[in-house]
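**Q** File name my_file-v5.pdb; file contents PDB, N, CA and C atoms; full text below.
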```
ATOM      1  N   MET W 247      65.708  12.201  -8.409
ATOM      2  CA  MET W 247      66.629  12.651  -7.370
ATOM      3  C   MET W 247      66.417  14.138  -7.152
ATOM      4  N   SER W 248      66.432  14.525  -5.898
ATOM      5  CA  SER W 248      66.280  15.938  -5.598
ATOM      6  C   SER W 248      67.502  16.712  -6.083
ATOM      7  N   GLU W 249      67.351  17.998  -6.211
ATOM      8  CA  GLU W 249      68.447  18.866  -6.649
ATOM      9  C   GLU W 249      69.588  18.804  -5.637
ATOM     10  N   LEU W 250      70.805  18.584  -6.150
ATOM     11  CA  LEU W 250      71.975  18.521  -5.275
ATOM     12  C   LEU W 250      72.576  19.907  -5.115
ATOM     13  N   SER W 251      73.187  20.144  -3.978
ATOM     14  CA  SER W 251      73.867  21.403  -3.705
ATOM     15  C   SER W 251      75.361  21.178  -3.950
ATOM     16  N   TRP W 252      75.835  21.586  -5.133
ATOM     17  CA  TRP W 252      77.222  21.350  -5.527
ATOM     18  C   TRP W 252      78.148  22.397  -4.928
ATOM     19  N   GLN W 253      79.316  21.945  -4.469
ATOM     20  CA  GLN W 253      80.348  22.849  -3.946
ATOM     21  C   GLN W 253      81.625  22.622  -4.738
ATOM     22  N   LYS W 254      82.262  23.711  -5.135
ATOM     23  CA  LYS W 254      83.498  23.618  -5.901
ATOM     24  C   LYS W 254      84.667  23.363  -4.961
ATOM     25  N   SER W 255      85.559  22.474  -5.379
ATOM     26  CA  SER W 255      86.755  22.184  -4.598
ATOM     27  C   SER W 255      87.612  23.429  -4.455
ATOM     28  N   SER W 256      88.215  23.582  -3.293
ATOM     29  CA  SER W 256      89.098  24.731  -3.069
ATOM     30  C   SER W 256      90.384  24.611  -3.881
ATOM     31  N   PHE W 257      90.670  23.437  -4.429
ATOM     32  CA  PHE W 257      91.847  23.238  -5.264
ATOM     33  C   PHE W 257      91.547  23.459  -6.738
ATOM     34  N   SER W 258      90.312  23.778  -7.078
ATOM     35  CA  SER W 258      89.906  23.971  -8.472
ATOM     36  C   SER W 258      90.159  25.397  -8.935
ATOM     37  N   GLY W 259      90.074  25.574 -10.244
ATOM     38  CA  GLY W 259      90.144  26.916 -10.800
ATOM     39  C   GLY W 259      91.524  27.351 -11.212
ATOM     40  N   GLY W 260      92.397  26.408 -11.547
ATOM     41  CA  GLY W 260      93.737  26.759 -12.008
ATOM     42  C   GLY W 260      93.690  27.419 -13.370
ATOM     43  N   PRO W 261      94.840  27.585 -14.006
ATOM     44  CA  PRO W 261      94.915  28.275 -15.294
ATOM     45  C   PRO W 261      94.067  27.620 -16.389
ATOM     46  N   GLN W 262      93.862  26.298 -16.285
ATOM     47  CA  GLN W 262      93.057  25.608 -17.288
ATOM     48  C   GLN W 262      91.554  25.789 -17.064
ATOM     49  N   GLY W 263      91.166  26.247 -15.895
ATOM     50  CA  GLY W 263      89.761  26.474 -15.591
ATOM     51  C   GLY W 263      88.990  25.208 -15.254
ATOM     52  N   ASN W 264      89.673  24.079 -15.054
ATOM     53  CA  ASN W 264      89.003  22.835 -14.705
ATOM     54  C   ASN W 264      88.614  22.859 -13.234
ATOM     55  N   CYS W 265      87.394  22.439 -12.941
ATOM     56  CA  CYS W 265      86.911  22.465 -11.568
ATOM     57  C   CYS W 265      86.282  21.129 -11.202
ATOM     58  N   LEU W 266      86.490  20.713  -9.970
ATOM     59  CA  LEU W 266      85.872  19.520  -9.424
ATOM     60  C   LEU W 266      84.803  19.963  -8.433
ATOM     61  N   TYR W 267      83.629  19.351  -8.551
ATOM     62  CA  TYR W 267      82.507  19.682  -7.674
ATOM     63  C   TYR W 267      82.103  18.442  -6.890
ATOM     64  N   ILE W 268      81.613  18.644  -5.663
ATOM     65  CA  ILE W 268      81.156  17.559  -4.803
ATOM     66  C   ILE W 268      79.810  17.943  -4.200
ATOM     67  N   ALA W 269      78.955  16.941  -4.002
ATOM     68  CA  ALA W 269      77.644  17.173  -3.376
ATOM     69  C   ALA W 269      77.291  15.953  -2.529
ATOM     70  N   ALA W 270      76.601  16.190  -1.445
ATOM     71  CA  ALA W 270      76.087  15.105  -0.605
ATOM     72  C   ALA W 270      74.674  14.777  -1.061
ATOM     73  N   ALA W 271      74.434  13.503  -1.330
ATOM     74  CA  ALA W 271      73.107  13.057  -1.765
ATOM     75  C   ALA W 271      72.265  12.700  -0.541
ATOM     76  N   PRO W 272      70.936  12.698  -0.696
ATOM     77  CA  PRO W 272      70.061  12.370   0.441
ATOM     78  C   PRO W 272      70.307  10.985   1.045
ATOM     79  N   ASP W 273      70.843  10.062   0.244
ATOM     80  CA  ASP W 273      71.088   8.708   0.755
ATOM     81  C   ASP W 273      72.418   8.576   1.499
ATOM     82  N   GLY W 274      73.148   9.683   1.667
ATOM     83  CA  GLY W 274      74.397   9.669   2.412
ATOM     84  C   GLY W 274      75.636   9.446   1.562
ATOM     85  N   THR W 275      75.453   9.177   0.270
ATOM     86  CA  THR W 275      76.606   9.026  -0.608
ATOM     87  C   THR W 275      77.060  10.394  -1.104
ATOM     88  N   LEU W 276      78.247  10.428  -1.682
ATOM     89  CA  LEU W 276      78.778  11.666  -2.251
ATOM     90  C   LEU W 276      78.750  11.580  -3.766
ATOM     91  N   ARG W 277      78.542  12.710  -4.398
ATOM     92  CA  ARG W 277      78.560  12.790  -5.857
ATOM     93  C   ARG W 277      79.700  13.706  -6.274
ATOM     94  N   LEU W 278      80.404  13.318  -7.331
ATOM     95  CA  LEU W 278      81.525  14.086  -7.856
ATOM     96  C   LEU W 278      81.309  14.330  -9.344
ATOM     97  N   ARG W 279      81.685  15.509  -9.809
ATOM     98  CA  ARG W 279      81.627  15.810 -11.236
ATOM     99  C   ARG W 279      82.698  16.839 -11.580
ATOM    100  N   GLU W 280      83.066  16.883 -12.852
ATOM    101  CA  GLU W 280      84.036  17.856 -13.342
ATOM    102  C   GLU W 280      83.312  18.899 -14.178
ATOM    103  N   SER W 281      83.876  20.092 -14.222
ATOM    104  CA  SER W 281      83.225  21.174 -14.959
ATOM    105  C   SER W 281      83.188  20.923 -16.459
ATOM    106  N   ASP W 282      84.174  20.197 -17.001
ATOM    107  CA  ASP W 282      84.184  19.978 -18.444
ATOM    108  C   ASP W 282      83.223  18.871 -18.883
ATOM    109  N   THR W 283      82.752  18.021 -17.959
ATOM    110  CA  THR W 283      81.743  16.997 -18.256
ATOM    111  C   THR W 283      80.718  16.937 -17.118
ATOM    112  N   PRO W 284      79.900  17.976 -16.970
ATOM    113  CA  PRO W 284      78.988  18.049 -15.817
ATOM    114  C   PRO W 284      77.889  16.992 -15.811
ATOM    115  N   ASP W 285      77.626  16.345 -16.948
ATOM    116  CA  ASP W 285      76.586  15.314 -16.970
ATOM    117  C   ASP W 285      77.089  13.956 -16.504
ATOM    118  N   VAL W 286      78.407  13.811 -16.360
ATOM    119  CA  VAL W 286      78.992  12.570 -15.852
ATOM    120  C   VAL W 286      79.188  12.748 -14.349
ATOM    121  N   ILE W 287      78.425  11.989 -13.578
ATOM    122  CA  ILE W 287      78.455  12.117 -12.125
ATOM    123  C   ILE W 287      78.834  10.777 -11.513
ATOM    124  N   LEU W 288      79.860  10.795 -10.684
ATOM    125  CA  LEU W 288      80.307   9.597  -9.974
ATOM    126  C   LEU W 288      79.718   9.597  -8.573
ATOM    127  N   ALA W 289      79.404   8.410  -8.073
ATOM    128  CA  ALA W 289      78.880   8.269  -6.714
ATOM    129  C   ALA W 289      79.845   7.421  -5.901
ATOM    130  N   THR W 290      80.030   7.782  -4.643
ATOM    131  CA  THR W 290      80.907   7.028  -3.753
ATOM    132  C   THR W 290      80.429   7.195  -2.315
ATOM    133  N   ALA W 291      80.828   6.247  -1.496
ATOM    134  CA  ALA W 291      80.577   6.375  -0.057
ATOM    135  C   ALA W 291      81.627   7.322   0.519
ATOM    136  N   PRO W 292      81.308   8.040   1.576
ATOM    137  CA  PRO W 292      82.304   8.930   2.191
ATOM    138  C   PRO W 292      83.604   8.208   2.544
ATOM    139  N   GLN W 293      83.517   6.940   2.990
ATOM    140  CA  GLN W 293      84.711   6.193   3.357
ATOM    141  C   GLN W 293      85.598   5.931   2.127
ATOM    142  N   GLY W 294      84.989   5.692   0.975
ATOM    143  CA  GLY W 294      85.755   5.463  -0.242
ATOM    144  C   GLY W 294      86.531   6.700  -0.666
ATOM    145  N   LEU W 295      85.894   7.850  -0.603
ATOM    146  CA  LEU W 295      86.572   9.100  -0.952
ATOM    147  C   LEU W 295      87.659   9.420   0.069
ATOM    148  N   ALA W 296      87.386   9.180   1.341
ATOM    149  CA  ALA W 296      88.394   9.427   2.375
ATOM    150  C   ALA W 296      89.619   8.537   2.146
ATOM    151  N   GLY W 297      89.405   7.292   1.765
ATOM    152  CA  GLY W 297      90.514   6.390   1.481
ATOM    153  C   GLY W 297      91.334   6.845   0.289
ATOM    154  N   LEU W 298      90.669   7.300  -0.758
ATOM    155  CA  LEU W 298      91.370   7.808  -1.939
ATOM    156  C   LEU W 298      92.202   9.035  -1.587
ATOM    157  N   LEU W 299      91.625   9.974  -0.864
ATOM    158  CA  LEU W 299      92.353  11.184  -0.487
ATOM    159  C   LEU W 299      93.535  10.865   0.426
ATOM    160  N   HIS W 300      93.349   9.926   1.349
ATOM    161  CA  HIS W 300      94.452   9.534   2.229
ATOM    162  C   HIS W 300      95.591   8.941   1.405
ATOM    163  N   HIS W 301      95.254   8.077   0.472
ATOM    164  CA  HIS W 301      96.269   7.467  -0.381
ATOM    165  C   HIS W 301      97.002   8.525  -1.200
ATOM    166  N   ALA W 302      96.265   9.471  -1.757
ATOM    167  CA  ALA W 302      96.886  10.525  -2.566
ATOM    168  C   ALA W 302      97.831  11.389  -1.731
ATOM    169  N   ARG W 303      97.467  11.612  -0.488
ATOM    170  CA  ARG W 303      98.296  12.460   0.386
ATOM    171  C   ARG W 303      99.538  11.745   0.900
ATOM    172  N   THR W 304      99.464  10.436   1.058
ATOM    173  CA  THR W 304     100.553   9.722   1.712
ATOM    174  C   THR W 304     101.442   8.920   0.769
ATOM    175  N   THR W 305     101.067   8.803  -0.476
ATOM    176  CA  THR W 305     101.855   8.031  -1.433
ATOM    177  C   THR W 305     102.900   8.923  -2.081
ATOM    178  N   LYS W 306     104.137   8.422  -2.106
ATOM    179  CA  LYS W 306     105.219   9.174  -2.741
ATOM    180  C   LYS W 306     104.986   9.211  -4.239
ATOM    181  N   ARG W 307     105.067  10.393  -4.789
ATOM    182  CA  ARG W 307     104.862  10.565  -6.223
ATOM    183  C   ARG W 307     106.167  10.359  -6.959
ATOM    184  N   THR W 308     106.078   9.663  -8.068
ATOM    185  CA  THR W 308     107.236   9.477  -8.924
ATOM    186  C   THR W 308     106.935  10.084 -10.282
ATOM    187  N   HIS W 309     107.949  10.591 -10.912
ATOM    188  CA  HIS W 309     107.789  11.184 -12.234
ATOM    189  C   HIS W 309     108.524  10.345 -13.245
ATOM    190  N   ASP W 310     107.915  10.143 -14.414
ATOM    191  CA  ASP W 310     108.557   9.367 -15.491
ATOM    192  C   ASP W 310     109.637  10.187 -16.151
TER     193      ASP W 310
END
```
Can you turn what I pasted into structure tokens?
**A**
Amino acid sequence: MSELSWQKSSFSGGPQGNCLYIAAAPDGTLRLRESDTPDVILATAPQGLAGLLHHARTTKRTHD
């Protein structure tokens, strides 16, 4: 696989220093990784990530 161009999420970098990175692969899929485990890379279609983000934004959060 060619070298990916990783971009850090604008929501990353809080007090814990955890960061989420995303990259577009040549095959049109997206790759995701976290700064604390950079060798673990998840792959998803853009539609799958868009669905997850939509759900996260529109679902009411409950606290235990």
**Q** Using DSSP secondary structure from the backbone, list all alpha helix (DSSP H) positions within chain W, as a PDB file with N, CA and C atoms, in the frame of the given file.
**A**
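Writing done, so here's part.pdb:
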```
ATOM      1  N   PRO W 292      81.308   8.040   1.576  1.00  0.00           N
ATOM      2  CA  PRO W 292      82.304   8.930   2.191  1.00  0.00           C
ATOM      3  C   PRO W 292      83.604   8.208   2.544  1.00  0.00           C
ATOM      4  N   GLN W 293      83.517   6.940   2.990  1.00  0.00           N
ATOM      5  CA  GLN W 293      84.711   6.193   3.357  1.00  0.00           C
ATOM      6  C   GLN W 293      85.598   5.931   2.127  1.00  0.00           C
ATOM      7  N   GLY W 294      84.989   5.692   0.975  1.00  0.00           N
ATOM      8  CA  GLY W 294      85.755   5.463  -0.242  1.00  0.00           C
ATOM      9  C   GLY W 294      86.531   6.700  -0.666  1.00  0.00           C
ATOM     10  N   LEU W 295      85.894   7.850  -0.603  1.00  0.00           N
ATOM     11  CA  LEU W 295      86.572   9.100  -0.952  1.00  0.00           C
ATOM     12  C   LEU W 295      87.659   9.420   0.069  1.00  0.00           C
ATOM     13  N   ALA W 296      87.386   9.180   1.341  1.00  0.00           N
ATOM     14  CA  ALA W 296      88.394   9.427   2.375  1.00  0.00           C
ATOM     15  C   ALA W 296      89.619   8.537   2.146  1.00  0.00           C
ATOM     16  N   GLY W 297      89.405   7.292   1.765  1.00  0.00           N
ATOM     17  CA  GLY W 297      90.514   6.390   1.481  1.00  0.00           C
ATOM     18  C   GLY W 297      91.334   6.845   0.289  1.00  0.00           C
ATOM     19  N   LEU W 298      90.669   7.300  -0.758  1.00  0.00           N
ATOM     20  CA  LEU W 298      91.370   7.808  -1.939  1.00  0.00           C
ATOM     21  C   LEU W 298      92.202   9.035  -1.587  1.00  0.00           C
ATOM     22  N   LEU W 299      91.625   9.974  -0.864  1.00  0.00           N
ATOM     23  CA  LEU W 299      92.353  11.184  -0.487  1.00  0.00           C
ATOM     24  C   LEU W 299      93.535  10.865   0.426  1.00  0.00           C
ATOM     25  N   HIS W 300      93.349   9.926   1.349  1.00  0.00           N
ATOM     26  CA  HIS W 300      94.452   9.534   2.229  1.00  0.00           C
ATOM     27  C   HIS W 300      95.591   8.941   1.405  1.00  0.00           C
ATOM     28  N   HIS W 301      95.254   8.077   0.472  1.00  0.00           N
ATOM     29  CA  HIS W 301      96.269   7.467  -0.381  1.00  0.00           C
ATOM     30  C   HIS W 301      97.002   8.525  -1.200  1.00  0.00           C
ATOM     31  N   ALA W 302      96.265   9.471  -1.757  1.00  0.00           N
ATOM     32  CA  ALA W 302      96.886  10.525  -2.566  1.00  0.00           C
ATOM     33  C   ALA W 302      97.831  11.389  -1.731  1.00  0.00           C
ATOM     34  N   ARG W 303      97.467  11.612  -0.488  1.00  0.00           N
ATOM     35  CA  ARG W 303      98.296  12.460   0.386  1.00  0.00           C
ATOM     36  C   ARG W 303      99.538  11.745   0.900  1.00  0.00           C
ATOM     37  N   THR W 304      99.464  10.436   1.058  1.00  0.00           N
ATOM     38  CA  THR W 304     100.553   9.722   1.712  1.00  0.00           C
ATOM     39  C   THR W 304     101.442   8.920   0.769  1.00  0.00           C
TER      40      THR W 304
END
```
**Q** Using Å and a single decimal, report how far atom N of Lys306 of chain W sits from atom CA of Leu288 of chain W.
**A** 25.1 Å
**Q** Using Å and a single decimal, report how far atom N of Thr304 of chain W sits from atom C of Thr283 of chain W.
**A**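 Value for the atom C of Thr283 of chain W-atom N of Thr304 of chain W distance: 26.9 Å.
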**Q** Contacts of Leu250 of chain W at 8 Å or less, counting all atoms listed in the file, minus same-chain residues fewer than 3 places along, as a list in words?
**A**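 Within the cut-off, the hits are Met247, Gln253, Ile268, Ala269, Ala270, Ala271 and Pro272 of chain W.
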**Q** Determine the nearest neighbour of Tyr267 of chain W from the options W:His300, W:Glu249, W:Glu280, W:Ala289, counting all atoms listed in the file.
**A**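 The answer is W:Glu280, which sits nearest to Tyr267 of chain W.
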**Q** When DSSP is applied to the backbone of this structure, which of chain W are assigned strand (DSSP E)? Write them out as JSON, numbers by chain.
**A** {"W": [253, 254, 266, 267, 268, 269, 270, 276, 277, 278, 279, 280, 283, 284, 285, 286, 287, 288, 289, 290]}
**Q** Smallest atom-to-atom distance to Asp282 of chain W: which of W:Thr305, W:Leu266, W:Ser256, W:Ala296, using all atoms listed in the file?
**A**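 Nearest candidate to Asp282 of chain W out of W:Thr305, W:Leu266, W:Ser256, W:Ala296: W:Leu266.
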**Q** Can you tell me, as AutoDock Vina command-line options, the centre and edge lengths (Å, one decimal) of the axis-aligned box enclosing all of segment 295-305 of chain W's listed atoms after padding each side by 6 Å?
**A**
```
--center_x 94.4 --center_y 9.4 --center_z -0.1 --size_x 29.0 --size_y 18.1 --size_z 16.9
```
**Q** When you write segment 269-289 of chain W out from the block above, keep N, CA, C and O atoms and present the result as a PDB file, in the first residue's frame, please.
**A**
```pdb
ATOM      1  N   ALA W 269      -7.297   8.915   6.997  1.00  0.00           N
ATOM      2  CA  ALA W 269      -6.604   9.031   5.705  1.00  0.00           C
ATOM      3  C   ALA W 269      -7.483   8.402   4.627  1.00  0.00           C
ATOM      4  O   ALA W 269      -8.200   7.430   4.888  1.00  0.00           O
ATOM      5  N   ALA W 270      -7.419   8.954   3.444  1.00  0.00           N
ATOM      6  CA  ALA W 270      -8.112   8.380   2.287  1.00  0.00           C
ATOM      7  C   ALA W 270      -7.147   7.451   1.566  1.00  0.00           C
ATOM      8  O   ALA W 270      -6.023   7.831   1.254  1.00  0.00           O
ATOM      9  N   ALA W 271      -7.589   6.224   1.334  1.00  0.00           N
ATOM     10  CA  ALA W 271      -6.760   5.239   0.634  1.00  0.00           C
ATOM     11  C   ALA W 271      -7.004   5.346  -0.871  1.00  0.00           C
ATOM     12  O   ALA W 271      -8.049   5.855  -1.307  1.00  0.00           O
ATOM     13  N   PRO W 272      -6.054   4.861  -1.678  1.00  0.00           N
ATOM     14  CA  PRO W 272      -6.218   4.935  -3.139  1.00  0.00           C
ATOM     15  C   PRO W 272      -7.469   4.227  -3.668  1.00  0.00           C
ATOM     16  O   PRO W 272      -7.993   4.597  -4.708  1.00  0.00           O
ATOM     17  N   ASP W 273      -7.963   3.235  -2.925  1.00  0.00           N
ATOM     18  CA  ASP W 273      -9.150   2.503  -3.383  1.00  0.00           C
ATOM     19  C   ASP W 273     -10.464   3.194  -3.013  1.00  0.00           C
ATOM     20  O   ASP W 273     -11.543   2.668  -3.257  1.00  0.00           O
ATOM     21  N   GLY W 274     -10.391   4.382  -2.406  1.00  0.00           N
ATOM     22  CA  GLY W 274     -11.584   5.142  -2.068  1.00  0.00           C
ATOM     23  C   GLY W 274     -12.116   4.892  -0.667  1.00  0.00           C
ATOM     24  O   GLY W 274     -13.073   5.539  -0.257  1.00  0.00           O
ATOM     25  N   THR W 275     -11.522   3.942   0.053  1.00  0.00           N
ATOM     26  CA  THR W 275     -11.942   3.709   1.429  1.00  0.00           C
ATOM     27  C   THR W 275     -11.214   4.670   2.361  1.00  0.00           C
ATOM     28  O   THR W 275     -10.243   5.326   1.962  1.00  0.00           O
ATOM     29  N   LEU W 276     -11.697   4.752   3.588  1.00  0.00           N
ATOM     30  CA  LEU W 276     -11.059   5.595   4.599  1.00  0.00           C
ATOM     31  C   LEU W 276     -10.354   4.720   5.618  1.00  0.00           C
ATOM     32  O   LEU W 276     -10.816   3.615   5.922  1.00  0.00           O
ATOM     33  N   ARG W 277      -9.262   5.221   6.142  1.00  0.00           N
ATOM     34  CA  ARG W 277      -8.518   4.522   7.187  1.00  0.00           C
ATOM     35  C   ARG W 277      -8.541   5.374   8.446  1.00  0.00           C
ATOM     36  O   ARG W 277      -8.419   6.607   8.375  1.00  0.00           O
ATOM     37  N   LEU W 278      -8.714   4.721   9.589  1.00  0.00           N
ATOM     38  CA  LEU W 278      -8.756   5.394  10.881  1.00  0.00           C
ATOM     39  C   LEU W 278      -7.752   4.738  11.819  1.00  0.00           C
ATOM     40  O   LEU W 278      -7.600   3.513  11.804  1.00  0.00           O
ATOM     41  N   ARG W 279      -7.097   5.542  12.638  1.00  0.00           N
ATOM     42  CA  ARG W 279      -6.192   5.012  13.653  1.00  0.00           C
ATOM     43  C   ARG W 279      -6.140   5.971  14.836  1.00  0.00           C
ATOM     44  O   ARG W 279      -6.470   7.155  14.709  1.00  0.00           O
ATOM     45  N   GLU W 280      -5.739   5.447  15.985  1.00  0.00           N
ATOM     46  CA  GLU W 280      -5.582   6.256  17.190  1.00  0.00           C
ATOM     47  C   GLU W 280      -4.099   6.423  17.483  1.00  0.00           C
ATOM     48  O   GLU W 280      -3.290   5.549  17.163  1.00  0.00           O
ATOM     49  N   SER W 281      -3.765   7.518  18.141  1.00  0.00           N
ATOM     50  CA  SER W 281      -2.357   7.792  18.423  1.00  0.00           C
ATOM     51  C   SER W 281      -1.747   6.790  19.393  1.00  0.00           C
ATOM     52  O   SER W 281      -0.557   6.491  19.304  1.00  0.00           O
ATOM     53  N   ASP W 282      -2.551   6.227  20.304  1.00  0.00           N
ATOM     54  CA  ASP W 282      -1.982   5.295  21.273  1.00  0.00           C
ATOM     55  C   ASP W 282      -1.771   3.894  20.696  1.00  0.00           C
ATOM     56  O   ASP W 282      -1.040   3.096  21.258  1.00  0.00           O
ATOM     57  N   THR W 283      -2.397   3.563  19.557  1.00  0.00           N
ATOM     58  CA  THR W 283      -2.176   2.288  18.865  1.00  0.00           C
ATOM     59  C   THR W 283      -2.088   2.530  17.354  1.00  0.00           C
ATOM     60  O   THR W 283      -2.966   2.125  16.598  1.00  0.00           O
ATOM     61  N   PRO W 284      -1.024   3.185  16.895  1.00  0.00           N
ATOM     62  CA  PRO W 284      -0.942   3.575  15.478  1.00  0.00           C
ATOM     63  C   PRO W 284      -0.827   2.407  14.505  1.00  0.00           C
ATOM     64  O   PRO W 284      -1.075   2.582  13.314  1.00  0.00           O
ATOM     65  N   ASP W 285      -0.472   1.214  14.988  1.00  0.00           N
ATOM     66  CA  ASP W 285      -0.368   0.068  14.080  1.00  0.00           C
ATOM     67  C   ASP W 285      -1.706  -0.612  13.830  1.00  0.00           C
ATOM     68  O   ASP W 285      -1.818  -1.459  12.953  1.00  0.00           O
ATOM     69  N   VAL W 286      -2.727  -0.252  14.608  1.00  0.00           N
ATOM     70  CA  VAL W 286      -4.072  -0.793  14.407  1.00  0.00           C
ATOM     71  C   VAL W 286      -4.830   0.201  13.531  1.00  0.00           C
ATOM     72  O   VAL W 286      -5.116   1.321  13.942  1.00  0.00           O
ATOM     73  N   ILE W 287      -5.137  -0.226  12.316  1.00  0.00           N
ATOM     74  CA  ILE W 287      -5.789   0.651  11.349  1.00  0.00           C
ATOM     75  C   ILE W 287      -7.106   0.024  10.915  1.00  0.00           C
ATOM     76  O   ILE W 287      -7.143  -1.130  10.496  1.00  0.00           O
ATOM     77  N   LEU W 288      -8.175   0.786  11.047  1.00  0.00           N
ATOM     78  CA  LEU W 288      -9.502   0.345  10.620  1.00  0.00           C
ATOM     79  C   LEU W 288      -9.795   0.905   9.238  1.00  0.00           C
ATOM     80  O   LEU W 288      -9.391   2.016   8.917  1.00  0.00           O
ATOM     81  N   ALA W 289     -10.512   0.131   8.436  1.00  0.00           N
ATOM     82  CA  ALA W 289     -10.908   0.576   7.099  1.00  0.00           C
ATOM     83  C   ALA W 289     -12.426   0.625   7.027  1.00  0.00           C
ATOM     84  O   ALA W 289     -13.113  -0.241   7.584  1.00  0.00           O
TER      85      ALA W 289
END
```
